[in-house]
>>> print(open('target.pdb').read())   # PDB, C-alpha atoms and all ligand atoms
MODEL        1
ATOM      1  CA  MET A 939     -24.335 -33.690 -50.732
ATOM      2  CA  SER A 940     -21.195 -35.345 -49.472
ATOM      3  CA  ARG A 941     -18.550 -33.048 -48.034
ATOM      4  CA  ASN A 942     -16.049 -35.886 -47.879
ATOM      5  CA  LEU A 943     -13.639 -36.920 -50.608
ATOM      6  CA  VAL A 944     -11.286 -39.879 -50.885
ATOM      7  CA  ILE A 945      -8.331 -39.457 -53.251
ATOM      8  CA  TYR A 946      -6.585 -42.781 -53.732
ATOM      9  CA  PHE A 947      -3.901 -44.572 -55.679
ATOM     10  CA  SER A 948      -3.694 -48.353 -55.720
ATOM     11  CA  ARG A 949      -1.981 -50.960 -57.865
ATOM     12  CA  ARG A 950      -3.314 -54.367 -58.833
ATOM     13  CA  GLY A 951      -0.972 -57.245 -59.638
ATOM     14  CA  GLN A 952       1.866 -58.787 -57.687
ATOM     15  CA  ASN A 953       2.475 -57.556 -54.188
ATOM     16  CA  TYR A 954       4.321 -58.604 -51.094
ATOM     17  CA  PHE A 955       2.301 -60.288 -48.327
ATOM     18  CA  GLY A 956       4.237 -61.188 -45.191
ATOM     19  CA  GLY A 957       7.152 -62.817 -46.966
ATOM     20  CA  LYS A 958       5.318 -64.076 -50.042
ATOM     21  CA  ILE A 959       4.570 -62.549 -53.412
ATOM     22  CA  LEU A 960       0.910 -62.887 -54.363
ATOM     23  CA  SER A 961      -1.152 -61.481 -57.210
ATOM     24  CA  ILE A 962      -4.272 -59.508 -56.299
ATOM     25  CA  ASP A 963      -7.054 -58.259 -58.567
ATOM     26  CA  LYS A 964      -7.967 -55.349 -56.309
ATOM     27  CA  GLY A 965      -5.320 -53.239 -54.579
ATOM     28  CA  ASN A 966      -5.174 -52.889 -50.795
ATOM     29  CA  SER A 967      -5.545 -49.103 -50.841
ATOM     30  CA  GLU A 968      -8.544 -49.403 -53.159
ATOM     31  CA  ARG A 969     -10.276 -51.580 -50.573
ATOM     32  CA  ILE A 970      -9.438 -49.108 -47.825
ATOM     33  CA  ALA A 971     -10.830 -46.287 -49.983
ATOM     34  CA  GLU A 972     -14.078 -48.260 -50.278
ATOM     35  CA  TYR A 973     -14.271 -48.763 -46.503
ATOM     36  CA  ILE A 974     -13.991 -44.997 -46.009
ATOM     37  CA  ARG A 975     -16.526 -44.264 -48.754
ATOM     38  CA  ASP A 976     -19.025 -46.583 -47.081
ATOM     39  CA  ALA A 977     -18.338 -45.259 -43.564
ATOM     40  CA  VAL A 978     -18.668 -41.517 -44.225
ATOM     41  CA  ASP A 979     -20.504 -41.354 -47.561
ATOM     42  CA  ALA A 980     -17.535 -39.941 -49.438
ATOM     43  CA  ASP A 981     -16.998 -39.224 -53.107
ATOM     44  CA  VAL A 982     -14.057 -41.148 -54.504
ATOM     45  CA  PHE A 983     -11.380 -40.110 -56.990
ATOM     46  CA  GLU A 984      -8.820 -42.596 -58.267
ATOM     47  CA  ILE A 985      -5.374 -41.397 -59.340
ATOM     48  CA  ARG A 986      -4.638 -43.180 -62.621
ATOM     49  CA  THR A 987      -1.383 -42.669 -64.469
ATOM     50  CA  ILE A 988      -1.193 -42.645 -68.256
ATOM     51  CA  LYS A 989       1.655 -45.119 -68.071
ATOM     52  CA  THR A 990       1.056 -48.550 -66.556
ATOM     53  CA  TYR A 991       3.263 -49.786 -63.729
ATOM     54  CA  PRO A 992       4.714 -53.299 -64.151
ATOM     55  CA  GLU A 993       2.590 -56.172 -62.856
ATOM     56  CA  ASP A 994       5.845 -57.796 -61.739
ATOM     57  CA  TYR A 995       6.624 -56.763 -58.145
ATOM     58  CA  HIS A 996      10.389 -56.403 -58.502
ATOM     59  CA  ALA A 997      10.141 -54.469 -61.761
ATOM     60  CA  CYS A 998       7.662 -52.109 -60.130
ATOM     61  CA  ILE A 999       9.926 -51.643 -57.119
ATOM     62  CA  GLU A1000      12.769 -50.551 -59.400
ATOM     63  CA  GLU A1001      10.578 -48.175 -61.385
ATOM     64  CA  ALA A1002       9.179 -46.598 -58.238
ATOM     65  CA  LYS A1003      12.678 -46.168 -56.838
ATOM     66  CA  ALA A1004      13.806 -44.320 -59.969
ATOM     67  CA  GLU A1005      10.724 -42.083 -59.846
ATOM     68  CA  LEU A1006      11.364 -41.171 -56.233
ATOM     69  CA  ARG A1007      15.036 -40.494 -56.876
ATOM     70  CA  ASN A1008      14.192 -38.221 -59.816
ATOM     71  CA  ASN A1009      11.212 -36.634 -58.042
ATOM     72  CA  THR A1010       9.121 -37.533 -61.104
ATOM     73  CA  ARG A1011       5.561 -36.297 -61.562
ATOM     74  CA  PRO A1012       3.857 -38.959 -63.751
ATOM     75  CA  ARG A1013       1.055 -37.589 -65.921
ATOM     76  CA  LEU A1014      -2.493 -38.615 -65.033
ATOM     77  CA  GLU A1015      -5.443 -39.867 -67.078
ATOM     78  CA  GLU A1016      -7.713 -37.392 -65.317
ATOM     79  CA  TYR A1017      -7.329 -34.528 -62.834
ATOM     80  CA  LEU A1018      -9.638 -33.295 -60.095
ATOM     81  CA  GLU A1019     -11.040 -29.891 -60.958
ATOM     82  CA  GLY A1020     -10.887 -28.552 -57.411
ATOM     83  CA  LEU A1021     -11.887 -29.123 -53.807
ATOM     84  CA  ARG A1022     -14.593 -26.456 -53.449
ATOM     85  CA  LYS A1023     -17.313 -29.001 -52.617
ATOM     86  CA  TYR A1024     -15.321 -30.687 -49.845
ATOM     87  CA  ASP A1025     -14.242 -30.124 -46.241
ATOM     88  CA  ASN A1026     -12.546 -33.465 -45.500
ATOM     89  CA  ILE A1027     -10.035 -35.025 -47.873
ATOM     90  CA  PHE A1028      -8.762 -38.562 -47.237
ATOM     91  CA  VAL A1029      -5.478 -39.259 -49.045
ATOM     92  CA  VAL A1030      -5.157 -43.039 -49.388
ATOM     93  CA  GLY A1031      -2.292 -44.930 -50.995
ATOM     94  CA  PRO A1032       0.463 -47.485 -50.629
ATOM     95  CA  CYS A1033       3.829 -46.830 -49.101
ATOM     96  CA  TRP A1034       6.308 -46.828 -51.984
ATOM     97  CA  TRP A1035       9.811 -46.362 -50.632
ATOM     98  CA  GLY A1036       8.575 -44.546 -47.560
ATOM     99  CA  THR A1037       6.039 -42.184 -49.100
ATOM    100  CA  TYR A1038       3.073 -42.112 -51.500
ATOM    101  CA  PRO A1039       3.665 -42.971 -55.172
ATOM    102  CA  MET A1040       4.867 -39.882 -57.020
ATOM    103  CA  ALA A1041       1.602 -39.744 -58.982
ATOM    104  CA  MET A1042      -0.203 -38.763 -55.796
ATOM    105  CA  PHE A1043       1.897 -35.601 -55.646
ATOM    106  CA  THR A1044       1.161 -34.837 -59.309
ATOM    107  CA  GLN A1045      -2.469 -34.400 -58.281
ATOM    108  CA  LEU A1046      -2.078 -32.892 -54.805
ATOM    109  CA  GLU A1047       0.277 -30.137 -55.961
ATOM    110  CA  ASP A1048      -2.378 -28.994 -58.398
ATOM    111  CA  LEU A1049      -5.026 -28.301 -55.712
ATOM    112  CA  ASP A1050      -5.814 -25.483 -53.289
ATOM    113  CA  PHE A1051      -6.122 -26.920 -49.775
ATOM    114  CA  THR A1052      -6.844 -23.708 -47.917
ATOM    115  CA  GLY A1053      -9.150 -24.458 -44.972
ATOM    116  CA  LYS A1054      -9.413 -28.194 -45.750
ATOM    117  CA  ARG A1055      -8.901 -31.069 -43.363
ATOM    118  CA  VAL A1056      -6.555 -33.740 -44.737
ATOM    119  CA  MET A1057      -6.531 -37.316 -43.454
ATOM    120  CA  PRO A1058      -3.447 -39.387 -44.422
ATOM    121  CA  VAL A1059      -4.020 -43.125 -44.830
ATOM    122  CA  MET A1060      -1.235 -45.441 -45.943
ATOM    123  CA  THR A1061      -1.092 -49.174 -46.584
ATOM    124  CA  HIS A1062       2.327 -50.735 -46.102
ATOM    125  CA  GLU A1063       4.273 -53.899 -45.240
ATOM    126  CA  GLY A1064       6.275 -52.563 -42.317
ATOM    127  CA  SER A1065       7.051 -48.873 -42.837
ATOM    128  CA  GLY A1066       3.806 -47.568 -41.333
ATOM    129  CA  LEU A1067       3.054 -44.020 -42.426
ATOM    130  CA  GLY A1068       6.661 -43.425 -43.493
ATOM    131  CA  THR A1069       6.989 -39.719 -44.260
ATOM    132  CA  ALA A1070       3.361 -39.434 -45.439
ATOM    133  CA  VAL A1071       2.249 -36.918 -42.819
ATOM    134  CA  ARG A1072       5.267 -34.689 -43.253
ATOM    135  CA  ASP A1073       4.987 -34.852 -47.042
ATOM    136  CA  LEU A1074       1.290 -33.959 -46.979
ATOM    137  CA  LYS A1075       1.952 -31.023 -44.633
ATOM    138  CA  LYS A1076       4.435 -29.701 -47.156
ATOM    139  CA  THR A1077       2.300 -30.384 -50.227
ATOM    140  CA  CYS A1078      -1.229 -29.519 -49.062
ATOM    141  CA  ARG A1079      -0.564 -25.882 -48.192
ATOM    142  CA  GLY A1080      -3.223 -24.287 -46.000
ATOM    143  CA  ALA A1081      -4.672 -27.622 -44.838
ATOM    144  CA  LYS A1082      -4.941 -29.059 -41.366
ATOM    145  CA  VAL A1083      -3.277 -32.474 -41.676
ATOM    146  CA  VAL A1084      -4.427 -34.919 -38.958
ATOM    147  CA  LYS A1085      -2.386 -37.683 -37.356
ATOM    148  CA  GLY A1086      -2.923 -40.354 -40.011
ATOM    149  CA  LEU A1087      -3.723 -44.048 -40.135
ATOM    150  CA  ALA A1088      -1.376 -46.853 -41.219
ATOM    151  CA  ILE A1089      -2.836 -50.210 -42.224
ATOM    152  CA  GLN A1090      -0.738 -53.237 -43.032
ATOM    153  CA  GLY A1091      -1.684 -54.133 -46.604
ATOM    154  CA  SER A1092      -1.868 -57.865 -45.948
ATOM    155  CA  ARG A1093      -4.372 -57.168 -43.127
ATOM    156  CA  THR A1094      -6.711 -55.095 -45.304
ATOM    157  CA  ALA A1095      -9.488 -57.696 -45.264
ATOM    158  CA  GLU A1096      -9.866 -57.536 -41.479
ATOM    159  CA  SER A1097      -9.403 -53.754 -41.140
ATOM    160  CA  GLU A1098     -12.811 -52.419 -42.153
ATOM    161  CA  GLN A1099     -14.016 -51.645 -38.637
ATOM    162  CA  THR A1100     -10.783 -49.902 -37.622
ATOM    163  CA  VAL A1101     -10.804 -47.788 -40.783
ATOM    164  CA  ALA A1102     -14.505 -46.917 -40.522
ATOM    165  CA  GLU A1103     -14.268 -45.857 -36.868
ATOM    166  CA  TRP A1104     -11.164 -43.774 -37.507
ATOM    167  CA  ALA A1105     -12.776 -42.071 -40.509
ATOM    168  CA  ARG A1106     -15.984 -41.202 -38.620
ATOM    169  CA  LYS A1107     -14.017 -39.863 -35.664
ATOM    170  CA  ASN A1108     -11.833 -37.607 -37.781
ATOM    171  CA  ILE A1109     -14.296 -35.795 -40.047
ATOM    172  CA  ARG A1110     -15.633 -32.350 -39.095
TER     173      ARG A1110
HETATM  174  C1  LIG A1201       6.880 -50.148 -55.653
HETATM  175  C2  LIG A1201       6.586 -50.600 -54.256
HETATM  176  C3  LIG A1201       7.309 -50.067 -53.181
HETATM  177  C4  LIG A1201       6.999 -50.440 -51.860
HETATM  178  N1  LIG A1201       7.711 -49.873 -50.832
HETATM  179  C5  LIG A1201       7.360 -50.180 -49.552
HETATM  180  C6  LIG A1201       8.043 -49.566 -48.448
HETATM  181  O1  LIG A1201       8.963 -48.757 -48.603
HETATM  182  N2  LIG A1201       7.629 -49.901 -47.184
HETATM  183  C7  LIG A1201       6.619 -50.784 -46.954
HETATM  184  O2  LIG A1201       6.292 -51.018 -45.799
HETATM  185  N3  LIG A1201       5.949 -51.373 -47.988
HETATM  186  C8  LIG A1201       6.299 -51.106 -49.273
HETATM  187  N4  LIG A1201       5.622 -51.691 -50.315
HETATM  188  C9  LIG A1201       4.448 -52.552 -50.028
HETATM  189  C10 LIG A1201       3.153 -51.782 -50.245
HETATM  190  O3  LIG A1201       3.169 -50.534 -49.577
HETATM  191  C11 LIG A1201       1.917 -52.549 -49.726
HETATM  192  O4  LIG A1201       1.896 -53.828 -50.236
HETATM  193  C12 LIG A1201       0.636 -51.804 -50.053
HETATM  194  O5  LIG A1201      -0.414 -52.313 -49.278
HETATM  195  C13 LIG A1201       0.252 -51.897 -51.527
HETATM  196  O6  LIG A1201      -0.950 -51.180 -51.731
HETATM  197  P1  LIG A1201      -1.812 -51.260 -53.058
HETATM  198  O7  LIG A1201      -2.259 -52.694 -53.206
HETATM  199  O8  LIG A1201      -2.968 -50.359 -52.794
HETATM  200  O9  LIG A1201      -0.976 -50.775 -54.200
HETATM  201  C14 LIG A1201       5.950 -51.371 -51.633
HETATM  202  C15 LIG A1201       5.264 -51.941 -52.717
HETATM  203  C16 LIG A1201       5.570 -51.570 -54.004
HETATM  204  C17 LIG A1201       4.820 -52.198 -55.159
ENDMDL
END
>>> encode(input="target.pdb", output="structure tokens", more="lines below")
Ligand SMILES: Cc1cc2nc3c(=O)[nH]c(=O)nc-3n(C[C@H](O)[C@H](O)[C@H](O)COP(=O)(O)O)c2cc1C
Amino acid sequence: MSRNLVIYFSRRGQNYFGGKILSIDKGNSERIAEYIRDAVDADVFEIRTIKTYPEDYHACIEEAKAELRNNTRPRLEEYLEGLRKYDNIFVVGPCWWGTYPMAMFTQLEDLDFTGKRVMPVMTHEGSGLGTAVRDLKKTCRGAKVVKGLAIQGSRTAESEQTVAEWARKNIR
């Protein structure tokens, strides 16, 4: 049985790629989640909100900004029951205004992380990990939060080896 879990959020649709707006049918963080799943035989849980975020990049930016400002906790389609089966939890998502989308915190705040190892992974277009590590340390009480991995979203396609090696090195 796998002792590794990937929790991820990812958004399809328009996104920003090195100065251009392009539409993608699979999100960058979703691809990264798949790389980790394949590298360390992890179970995968996708964070899905009941509401849909705009496909339009600029509209989504504005909505995400308002959610961050209001510290919103969007409701989810489905919630993880618990982490009993797992030792290593990868938290994978895009950088939205410097941290994970608020929906990630909706789920994480609902879980008991005592004794777990948490691996932050963030896709971004320049902000790196932002405040991801600090935010996970605050949210995942009782966990050991490791250093974290930032992947530029527009480089996702060529990042599989980096992600896989990092994931294998960090599990216990
Ligand atoms: C609402 C929104 C806010 C974003 N904010 C940032 C940011 O603050 N810093 C940054 O480097 N990239 C930012 N980006 C770019 C995304 O982090 C990047 O494209 C990421 O790879 C998208 O992942 P996804 O396809 O899994 O959703 C933002 C994108 C969106 C849609």
>>> resolve_selection(input="target.pdb", expression="the PyMOL selection byres (((not hetatm)) within 9 of (chain A and resi 1201))", output="PyMOL selection string")
chain A and resi 946-955+962+964-970+991+993-1003+1030-1039+1060-1068+1089-1094
>>> atom_distance(input="target.pdb", atom1="CA of Gln1045 (chain A)", atom2="CA of Ser1097 (chain A)")
26.8 Å
>>> closest_residue(input="target.pdb", among="A:Trp1104, A:Phe1043, A:Tyr1024, A:Phe983", to="Ile945 (chain A)", atoms="all atoms listed in the file")
A:Phe983
>>> atom_distance(input="target.pdb", atom1="CA of Leu943 (chain A)", atom2="CA of Asn1009 (chain A)")
25.9 Å
>>> atom_distance(input="target.pdb", atom1="CA of Phe1051 (chain A)", atom2="CA of Ala1081 (chain A)")
5.2 Å
>>> residues_near_point(input="target.pdb", point="(-7.9, -42.2, -41.1)", cutoff="9 Å", atoms="all atoms listed in the file", output="ChimeraX atom specification")
/A:974,1028-1030,1057-1060,1084-1088,1100-1108
>>> closest_residue(input="target.pdb", among="A:Arg1011, A:Lys1075, A:Lys958, A:Arg1110", to="Val978 (chain A)", atoms="all atoms listed in the file")
A:Arg1110
>>> closest_residue(input="target.pdb", among="A:Arg1055, A:Val944, A:Ala1070, A:Met1042", to="Ala971 (chain A)", atoms="all atoms listed in the file")
A:Val944
